[in-house]
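Coordinates from start_19.cif are shown below (mmCIF, C-alpha atoms and all ligand atoms).
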data_query
loop_
_atom_site.label_atom_id
_atom_site.label_comp_id
_atom_site.auth_asym_id
_atom_site.auth_seq_id
_atom_site.Cartn_x
_atom_site.Cartn_y
_atom_site.Cartn_z
CA MET A 1 0.00 0.00 0.00
CA SER A 2 1.51 3.31 -1.09
CA GLY A 3 2.32 5.74 1.72
CA ILE A 4 2.56 8.64 -0.70
CA GLU A 5 0.21 11.53 0.02
CA VAL A 6 -1.19 12.69 -3.30
CA ARG A 7 -2.25 16.31 -3.59
CA VAL A 8 -3.97 17.24 -6.84
CA LEU A 9 -3.92 20.98 -7.37
CA ALA A 10 -5.60 23.17 -9.92
CA ASP A 11 -2.59 24.04 -12.05
CA GLU A 12 1.15 24.64 -12.17
CA THR A 13 0.79 27.88 -10.19
CA ALA A 14 -0.99 26.09 -7.36
CA VAL A 15 1.69 23.37 -7.33
CA ALA A 16 4.35 26.07 -7.03
CA ALA A 17 2.45 27.76 -4.20
CA ALA A 18 2.12 24.47 -2.31
CA ALA A 19 5.80 23.56 -2.76
CA ALA A 20 7.01 27.04 -1.80
CA GLY A 21 4.65 26.93 1.18
CA MET A 22 6.30 23.72 2.39
CA CYS A 23 9.76 25.33 2.13
CA ALA A 24 8.50 28.42 3.95
CA ALA A 25 6.92 26.33 6.70
CA TRP A 26 10.30 24.68 7.38
CA LEU A 27 12.10 28.03 7.35
CA ARG A 28 9.62 29.62 9.75
CA ARG A 29 9.76 26.66 12.13
CA ARG A 30 13.51 26.31 11.81
CA PRO A 31 15.30 29.30 10.24
CA ASN A 32 18.43 27.23 9.59
CA ALA A 33 16.48 24.44 7.89
CA VAL A 34 18.29 22.25 5.40
CA LEU A 35 16.50 22.34 2.05
CA GLY A 36 17.18 19.84 -0.71
CA LEU A 37 16.63 21.43 -4.10
CA ALA A 38 15.97 20.24 -7.64
CA THR A 39 16.59 21.66 -11.09
CA GLY A 40 14.64 21.09 -14.30
CA SER A 41 11.68 23.01 -15.69
CA THR A 42 9.19 21.78 -13.09
CA PRO A 43 10.45 23.67 -10.00
CA VAL A 44 11.02 27.00 -11.81
CA PRO A 45 7.62 28.45 -10.74
CA THR A 46 8.31 27.27 -7.18
CA TYR A 47 11.54 29.27 -7.09
CA SER A 48 9.69 32.32 -8.51
CA GLU A 49 7.16 32.00 -5.71
CA LEU A 50 9.91 31.73 -3.08
CA VAL A 51 11.52 34.89 -4.49
CA ARG A 52 8.15 36.64 -4.31
CA MET A 53 7.66 35.50 -0.71
CA HIS A 54 11.12 36.78 0.15
CA ARG A 55 10.42 40.19 -1.39
CA GLU A 56 6.82 40.67 -0.34
CA GLU A 57 6.43 38.62 2.82
CA GLY A 58 9.89 38.81 4.35
CA LEU A 59 10.63 35.11 4.01
CA SER A 60 14.28 34.84 4.97
CA PHE A 61 16.90 32.36 3.83
CA ALA A 62 19.64 34.07 5.87
CA GLN A 63 20.30 30.97 7.96
CA ALA A 64 19.08 28.34 5.51
CA ARG A 65 21.37 25.64 4.17
CA THR A 66 20.71 24.10 0.76
CA PHE A 67 21.86 20.96 -1.03
CA ASN A 68 21.11 20.21 -4.65
CA LEU A 69 20.33 16.78 -5.97
CA ASP A 70 22.74 16.64 -8.85
CA GLU A 71 25.17 18.34 -11.22
CA TYR A 72 26.71 17.62 -14.59
CA PHE A 73 30.26 16.32 -14.54
CA GLY A 74 32.59 18.57 -16.50
CA LEU A 75 30.57 21.79 -16.29
CA SER A 76 31.72 24.65 -14.09
CA GLY A 77 29.25 26.78 -12.17
CA GLU A 78 29.68 29.53 -14.76
CA HIS A 79 28.43 27.29 -17.56
CA GLU A 80 24.86 28.29 -18.43
CA GLN A 81 23.67 24.68 -18.41
CA SER A 82 25.22 23.79 -15.08
CA TYR A 83 22.81 23.26 -12.23
CA ARG A 84 24.80 25.77 -10.12
CA PHE A 85 24.10 28.41 -12.78
CA PHE A 86 20.40 27.44 -12.79
CA MET A 87 20.13 27.80 -9.02
CA GLN A 88 21.86 31.19 -9.01
CA GLN A 89 19.62 32.39 -11.81
CA HIS A 90 16.29 31.16 -10.42
CA LEU A 91 16.75 31.45 -6.66
CA PHE A 92 20.06 32.19 -4.98
CA ASN A 93 20.74 35.56 -6.65
CA HIS A 94 17.32 36.86 -5.58
CA VAL A 95 17.07 35.87 -1.91
CA ASP A 96 19.26 36.38 1.17
CA VAL A 97 20.74 32.88 1.26
CA ARG A 98 24.45 33.02 2.07
CA PRO A 99 26.59 31.67 -0.78
CA TYR A 100 28.62 29.57 1.64
CA ASN A 101 25.44 27.80 2.72
CA THR A 102 24.54 26.60 -0.81
CA PHE A 103 25.98 23.20 -1.63
CA LEU A 104 26.09 21.67 -5.08
CA PHE A 105 28.49 19.08 -6.40
CA ASP A 106 31.44 20.74 -8.11
CA GLY A 107 31.44 19.25 -11.60
CA THR A 108 35.03 20.30 -12.28
CA VAL A 109 36.86 18.42 -9.54
CA PRO A 110 39.62 15.97 -10.58
CA ASP A 111 38.25 13.30 -8.21
CA PRO A 112 34.44 13.17 -8.46
CA GLU A 113 34.17 10.10 -6.21
CA GLN A 114 35.86 12.06 -3.45
CA GLU A 115 33.48 14.96 -4.13
CA CYS A 116 30.55 12.56 -3.61
CA LEU A 117 31.95 11.31 -0.29
CA ALA A 118 32.49 14.90 0.86
CA PHE A 119 28.91 15.81 -0.15
CA GLU A 120 27.45 12.97 1.91
CA ALA A 121 29.65 13.95 4.86
CA LYS A 122 28.48 17.55 4.60
CA ILE A 123 24.81 16.51 4.64
CA ARG A 124 25.46 14.41 7.74
CA ALA A 125 27.44 17.21 9.41
CA LEU A 126 24.52 19.61 8.98
CA GLY A 127 22.09 17.13 10.51
CA GLY A 128 20.43 15.78 7.37
CA VAL A 129 17.96 17.25 4.90
CA ASP A 130 14.64 18.53 6.26
CA LEU A 131 12.81 18.72 2.93
CA TRP A 132 13.82 17.39 -0.47
CA LEU A 133 12.06 18.97 -3.43
CA LEU A 134 12.10 16.49 -6.31
CA GLY A 135 11.12 16.42 -9.95
CA ILE A 136 10.56 13.19 -11.87
CA GLY A 137 11.99 12.02 -15.17
CA GLY A 138 9.86 10.35 -17.84
CA ASN A 139 11.32 6.95 -16.95
CA GLY A 140 10.69 7.47 -13.23
CA HIS A 141 14.16 8.71 -12.33
CA ILE A 142 14.71 11.02 -9.38
CA ALA A 143 17.82 13.20 -9.36
CA PHE A 144 19.96 11.12 -11.75
CA ASN A 145 18.98 7.78 -10.18
CA GLU A 146 17.93 5.89 -13.28
CA PRO A 147 15.79 2.72 -13.35
CA GLY A 148 17.70 -0.13 -11.72
CA SER A 149 19.50 2.11 -9.23
CA ASP A 150 20.19 0.49 -5.87
CA PRO A 151 17.73 1.69 -3.18
CA GLU A 152 20.74 1.82 -0.83
CA SER A 153 22.78 3.99 -3.21
CA ARG A 154 24.68 7.05 -2.08
CA SER A 155 26.11 10.02 -3.90
CA ARG A 156 28.07 8.80 -6.91
CA VAL A 157 29.04 9.34 -10.52
CA VAL A 158 26.48 8.06 -13.01
CA ALA A 159 25.92 7.92 -16.75
CA PRO A 160 22.33 9.08 -17.38
CA ASN A 161 20.29 6.90 -19.74
CA PRO A 162 20.06 7.91 -23.41
CA GLU A 163 16.40 8.95 -22.97
CA THR A 164 17.37 11.24 -20.10
CA VAL A 165 20.24 12.75 -22.08
CA ALA A 166 17.82 13.26 -24.99
CA ALA A 167 15.21 14.91 -22.76
CA ASN A 168 17.79 17.22 -21.20
CA SER A 169 19.31 18.10 -24.59
CA ARG A 170 16.52 20.63 -25.10
CA TYR A 171 18.56 23.08 -23.04
CA PHE A 172 21.78 22.65 -25.01
CA ALA A 173 22.72 24.12 -28.38
CA HIS A 174 23.34 20.58 -29.68
CA PRO A 175 22.59 17.13 -28.20
CA SER A 176 26.28 16.21 -28.44
CA LEU A 177 27.04 18.94 -25.89
CA VAL A 178 25.07 17.24 -23.07
CA PRO A 179 27.57 15.83 -20.56
CA GLN A 180 27.52 12.03 -20.52
CA LEU A 181 28.30 11.84 -16.79
CA ALA A 182 26.74 13.44 -13.74
CA LEU A 183 27.12 13.49 -9.98
CA THR A 184 23.95 12.62 -8.12
CA VAL A 185 22.82 11.99 -4.59
CA GLY A 186 21.69 8.41 -4.09
CA LEU A 187 18.31 6.89 -3.38
CA ALA A 188 19.31 6.29 0.25
CA THR A 189 20.44 9.92 0.53
CA ILE A 190 17.01 11.06 -0.64
CA SER A 191 15.04 8.60 1.47
CA GLU A 192 16.80 9.82 4.62
CA GLY A 193 15.30 13.29 4.16
CA ARG A 194 12.79 14.10 6.91
CA SER A 195 10.19 15.06 4.34
CA ILE A 196 9.89 14.89 0.58
CA ALA A 197 7.78 16.79 -1.95
CA LEU A 198 7.83 15.50 -5.51
CA LEU A 199 6.47 17.97 -8.05
CA ALA A 200 5.00 16.95 -11.39
CA THR A 201 3.09 19.06 -13.86
CA GLY A 202 1.74 18.42 -17.35
CA ALA A 203 0.18 15.47 -19.15
CA GLN A 204 3.57 14.15 -20.28
CA LYS A 205 4.27 13.12 -16.67
CA ALA A 206 0.89 11.45 -16.03
CA ALA A 207 1.81 7.84 -16.88
CA THR A 208 5.06 8.03 -14.90
CA VAL A 209 3.30 9.52 -11.89
CA ALA A 210 0.74 6.70 -11.97
CA ARG A 211 3.53 4.10 -12.05
CA ALA A 212 5.28 5.78 -9.14
CA VAL A 213 2.18 6.08 -6.95
CA GLU A 214 0.15 3.00 -7.89
CA GLY A 215 2.67 0.63 -9.48
CA PRO A 216 4.91 -1.82 -7.67
CA CYS A 217 7.48 -0.35 -5.30
CA SER A 218 10.53 -1.24 -7.39
CA PRO A 219 13.90 0.13 -8.56
CA ASP A 220 12.47 -0.23 -12.09
CA CYS A 221 10.72 3.05 -11.30
CA PRO A 222 12.97 4.82 -8.78
CA ALA A 223 10.25 7.30 -7.74
CA SER A 224 8.06 4.36 -6.65
CA LEU A 225 10.56 3.67 -3.85
CA LEU A 226 9.17 6.81 -2.19
CA GLN A 227 6.10 4.71 -1.33
CA ASN A 228 8.08 3.55 1.70
CA HIS A 229 8.86 7.05 2.96
CA PRO A 230 6.96 8.14 6.10
CA ASP A 231 6.47 11.76 4.96
CA CYS A 232 6.29 12.03 1.19
CA ALA A 233 3.80 14.11 -0.79
CA PHE A 234 3.35 14.29 -4.55
CA LEU A 235 2.18 17.76 -5.60
CA LEU A 236 0.46 17.36 -8.96
CA ASP A 237 -1.52 19.51 -11.33
CA GLN A 238 -4.67 18.06 -12.88
CA ALA A 239 -2.86 16.90 -16.01
CA ALA A 240 -0.08 15.08 -14.17
CA ALA A 241 -2.68 13.34 -11.98
CA SER A 242 -4.87 12.29 -14.89
CA HIS A 243 -3.67 8.66 -15.06
CA LEU A 244 -4.19 7.91 -11.38
CA THR A 245 -6.94 5.33 -11.05
CA ALA A 246 -7.57 5.45 -7.31
CA ARG A 247 -9.90 8.11 -5.98
CA VAL A 248 -7.81 11.13 -5.10
CA SER A 249 -9.15 14.28 -3.58
CA ARG A 250 -8.72 17.31 -5.78
CA GLU A 251 -7.94 20.46 -3.87
CA ARG A 252 -9.56 23.76 -4.65
CA SER A 253 -7.18 26.64 -4.80
C1 LIG B 301 16.67 15.89 -14.95
C2 LIG B 301 17.08 16.06 -13.49
C3 LIG B 301 16.00 15.62 -12.53
C4 LIG B 301 14.68 16.23 -12.95
C5 LIG B 301 14.30 15.73 -14.31
C6 LIG B 301 12.94 16.25 -14.80
O1 LIG B 301 17.04 14.67 -15.47
N1 LIG B 301 18.30 15.37 -13.18
O2 LIG B 301 16.35 16.00 -11.22
O3 LIG B 301 13.69 15.90 -12.01
O4 LIG B 301 15.30 16.13 -15.24
O5 LIG B 301 13.08 17.54 -15.33
P1 LIG B 301 11.85 18.46 -15.75
O6 LIG B 301 11.34 19.06 -14.49
O7 LIG B 301 12.46 19.49 -16.66
O8 LIG B 301 10.85 17.59 -16.42
#
Would you encode the structure as structure tokens?
Ligand code: GLP
Amino acid sequence: MSGIEVRVLADETAVAAAAAGMCAAWLRRRPNAVLGLATGSTPVPTYSELVRMHREEGLSFAQARTFNLDEYFGLSGEHEQSYRFFMQQHLFNHVDVRPYNTFLFDGTVPDPEQECLAFEAKIRALGGVDLWLLGIGGNGHIAFNEPGSDPESRSRVVAPNPETVAANSRYFAHPSLVPQLALTVGLATISEGRSIALLATGAQKAATVARAVEGPCSPDCPASLLQNHPDCAFLLDQAAASHLTARVSRERS
């Protein structure tokens, strides 16, 4: 039986408001909360909403610590397609988070395995992640944990599947420019987060969401492993929820 709480919201804006609200709730309860952050197109409206809350409602990130799920190997933070660049552009440059409290893998290090060990150690040293925000790939991947990933996996170097490279190539000038390797937190690293919010919007995610929520809990669909997490919510718009067969309550917003 899936332990995932499914919240079906009116649209992408409502999903962003709900996700930003969860981040804000952690920050208000615990100003030095540890937030786990995702890249991709899905969380962009969430980051816009957090910036708005910072500007208009005084939401402060001054003591917050952040970890990101993944980064391309070989790209520096100045590269426009690096996840560091994305985070600066969509969130960090617009709020009062301290640069030294924002942690992403460094994709330029000579020893990426060592970088992964150091990343895990840093998460532990800061007391673990309070809230992971996740997206979901078309094949059910979370971060860069592709189908077949070990549920006990930790941060490591991976080669994303061809379909993932193809999907992510939309951001690059040419598909051949997409890095073939990435650094990613592991499935165990994610599952140890105190709470998890997976965001999915749009009809193209509907079948994958249904597999993750209602399919077998299996590494074949890494997001389905979240069924075992004690505090995991999927925040979906109507389109992304459209393949769910069980009765789910649809929230008004
Ligand atoms: C990439 C990232 C994932 C992200 C996924 C979906 O592969 N590594 O963390 O969840 O894409 O991205 P989008 O939100 O653009 O659909």
Might you pull out every residue within 9 Å of stretch 92-102 of chain A, with only C-alpha atoms counted and same-chain residues fewer than 6 positions away left off, and present them as a PyMOL selection string? chain A and resi 50-51+54-55+59-68
Expected answer as a ChimeraX atom specification: residues within 8 Å of ligand LIG 301 (chain B), only C-alpha atoms and all ligand atoms: /A:38-43,69-71,134-138,141-144,160,164-165,167-168,200,205
Test item: residues at most 10 Å from stretch 145-153 of chain A, all atoms listed in the file, excluding those fewer than 2 positions along its chain, as a tab-separated table (two decimals) with C-alpha atoms, in the coordinates of the input:
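Final file, result_35.tsv:
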chain	number	residue	atom	x	y	z
A	70	ASP	CA	22.74	16.64	-8.85
A	137	GLY	CA	11.99	12.02	-15.17
A	139	ASN	CA	11.32	6.95	-16.95
A	140	GLY	CA	10.69	7.47	-13.23
A	141	HIS	CA	14.16	8.71	-12.33
A	142	ILE	CA	14.71	11.02	-9.38
A	143	ALA	CA	17.82	13.20	-9.36
A	155	SER	CA	26.11	10.02	-3.90
A	156	ARG	CA	28.07	8.80	-6.91
A	158	VAL	CA	26.48	8.06	-13.01
A	159	ALA	CA	25.92	7.92	-16.75
A	160	PRO	CA	22.33	9.08	-17.38
A	161	ASN	CA	20.29	6.90	-19.74
A	164	THR	CA	17.37	11.24	-20.10
A	183	LEU	CA	27.12	13.49	-9.98
A	184	THR	CA	23.95	12.62	-8.12
A	185	VAL	CA	22.82	11.99	-4.59
A	186	GLY	CA	21.69	8.41	-4.09
A	187	LEU	CA	18.31	6.89	-3.38
A	188	ALA	CA	19.31	6.29	0.25
A	189	THR	CA	20.44	9.92	0.53
A	190	ILE	CA	17.01	11.06	-0.64
A	191	SER	CA	15.04	8.60	1.47
A	218	SER	CA	10.53	-1.24	-7.39
A	219	PRO	CA	13.90	0.13	-8.56
A	220	ASP	CA	12.47	-0.23	-12.09
A	221	CYS	CA	10.72	3.05	-11.30
A	222	PRO	CA	12.97	4.82	-8.78
A	223	ALA	CA	10.25	7.30	-7.74
A	225	LEU	CA	10.56	3.67	-3.85
Give me, as a JSON list (two decimals) with C-alpha atoms, in the frame of the given file, all polymer residues having an atom no more than 12 Å from A:Pro112, counting all atoms listed in the file and skipping those fewer than 3 positions away in the same chain.
[["chain", "number", "residue", "atom", "x", "y", "z"],
["A", 71, "GLU", "CA", 25.17, 18.34, -11.22],
["A", 72, "TYR", "CA", 26.71, 17.62, -14.59],
["A", 73, "PHE", "CA", 30.26, 16.32, -14.54],
["A", 74, "GLY", "CA", 32.59, 18.57, -16.50],
["A", 105, "PHE", "CA", 28.49, 19.08, -6.40],
["A", 106, "ASP", "CA", 31.44, 20.74, -8.11],
["A", 107, "GLY", "CA", 31.44, 19.25, -11.60],
["A", 108, "THR", "CA", 35.03, 20.30, -12.28],
["A", 109, "VAL", "CA", 36.86, 18.42, -9.54],
["A", 115, "GLU", "CA", 33.48, 14.96, -4.13],
["A", 116, "CYS", "CA", 30.55, 12.56, -3.61],
["A", 117, "LEU", "CA", 31.95, 11.31, -0.29],
["A", 118, "ALA", "CA", 32.49, 14.90, 0.86],
["A", 119, "PHE", "CA", 28.91, 15.81, -0.15],
["A", 155, "SER", "CA", 26.11, 10.02, -3.90],
["A", 156, "ARG", "CA", 28.07, 8.80, -6.91],
["A", 157, "VAL", "CA", 29.04, 9.34, -10.52],
["A", 158, "VAL", "CA", 26.48, 8.06, -13.01],
["A", 181, "LEU", "CA", 28.30, 11.84, -16.79],
["A", 182, "ALA", "CA", 26.74, 13.44, -13.74],
["A", 183, "LEU", "CA", 27.12, 13.49, -9.98],
["A", 184, "THR", "CA", 23.95, 12.62, -8.12]]
Looking at all atoms listed in the file, which of A:Glu80, A:Arg7, A:Gln89, A:Ala239 is the one that sits closest to A:Thr201?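 Smallest separation from A:Thr201 among the options: A:Ala239.
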Have a look at atom CA of A:His90 and atom CA of A:Ser48 and let me know their distance in Å, one decimal. 7.0 Å
So how many Å separate atom CA of A:Leu133 and atom CA of A:Ser242, to one decimal?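 Separation between atom CA of A:Leu133 and atom CA of A:Ser242: 21.5 Å.
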Go ahead and fit an axis-aligned box to every listed atom of stretch 137-152 of chain A plus 4 Å each side, and pass me the centre and edge lengths in Å, one decimal, as lines of an AutoDock Vina configuration file.
center_x = 15.3
center_y = 6.5
center_z = -9.3
size_x = 18.9
size_y = 21.3
size_z = 25.0
Identify which of the residues A:Glu214, A:Asp130, A:Glu251, A:Glu192 lies closest to A:Gly36, counting only C-alpha atoms when measuring atom-to-atom distances.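 Residue with the minimum atom-to-atom distance to A:Gly36: A:Asp130.
Comparing A:Arg29, A:Arg170, A:His79, A:Arg194 by their smallest distance to A:Cys232, the closest is A:Arg194 (using only C-alpha atoms).
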Quick check, in Å to one decimal: how far apart do atom CA of A:Ala24 and atom CA of A:Ala206 lie?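 Going from atom CA of A:Ala24 over to atom CA of A:Ala206, I get 27.3 Å.
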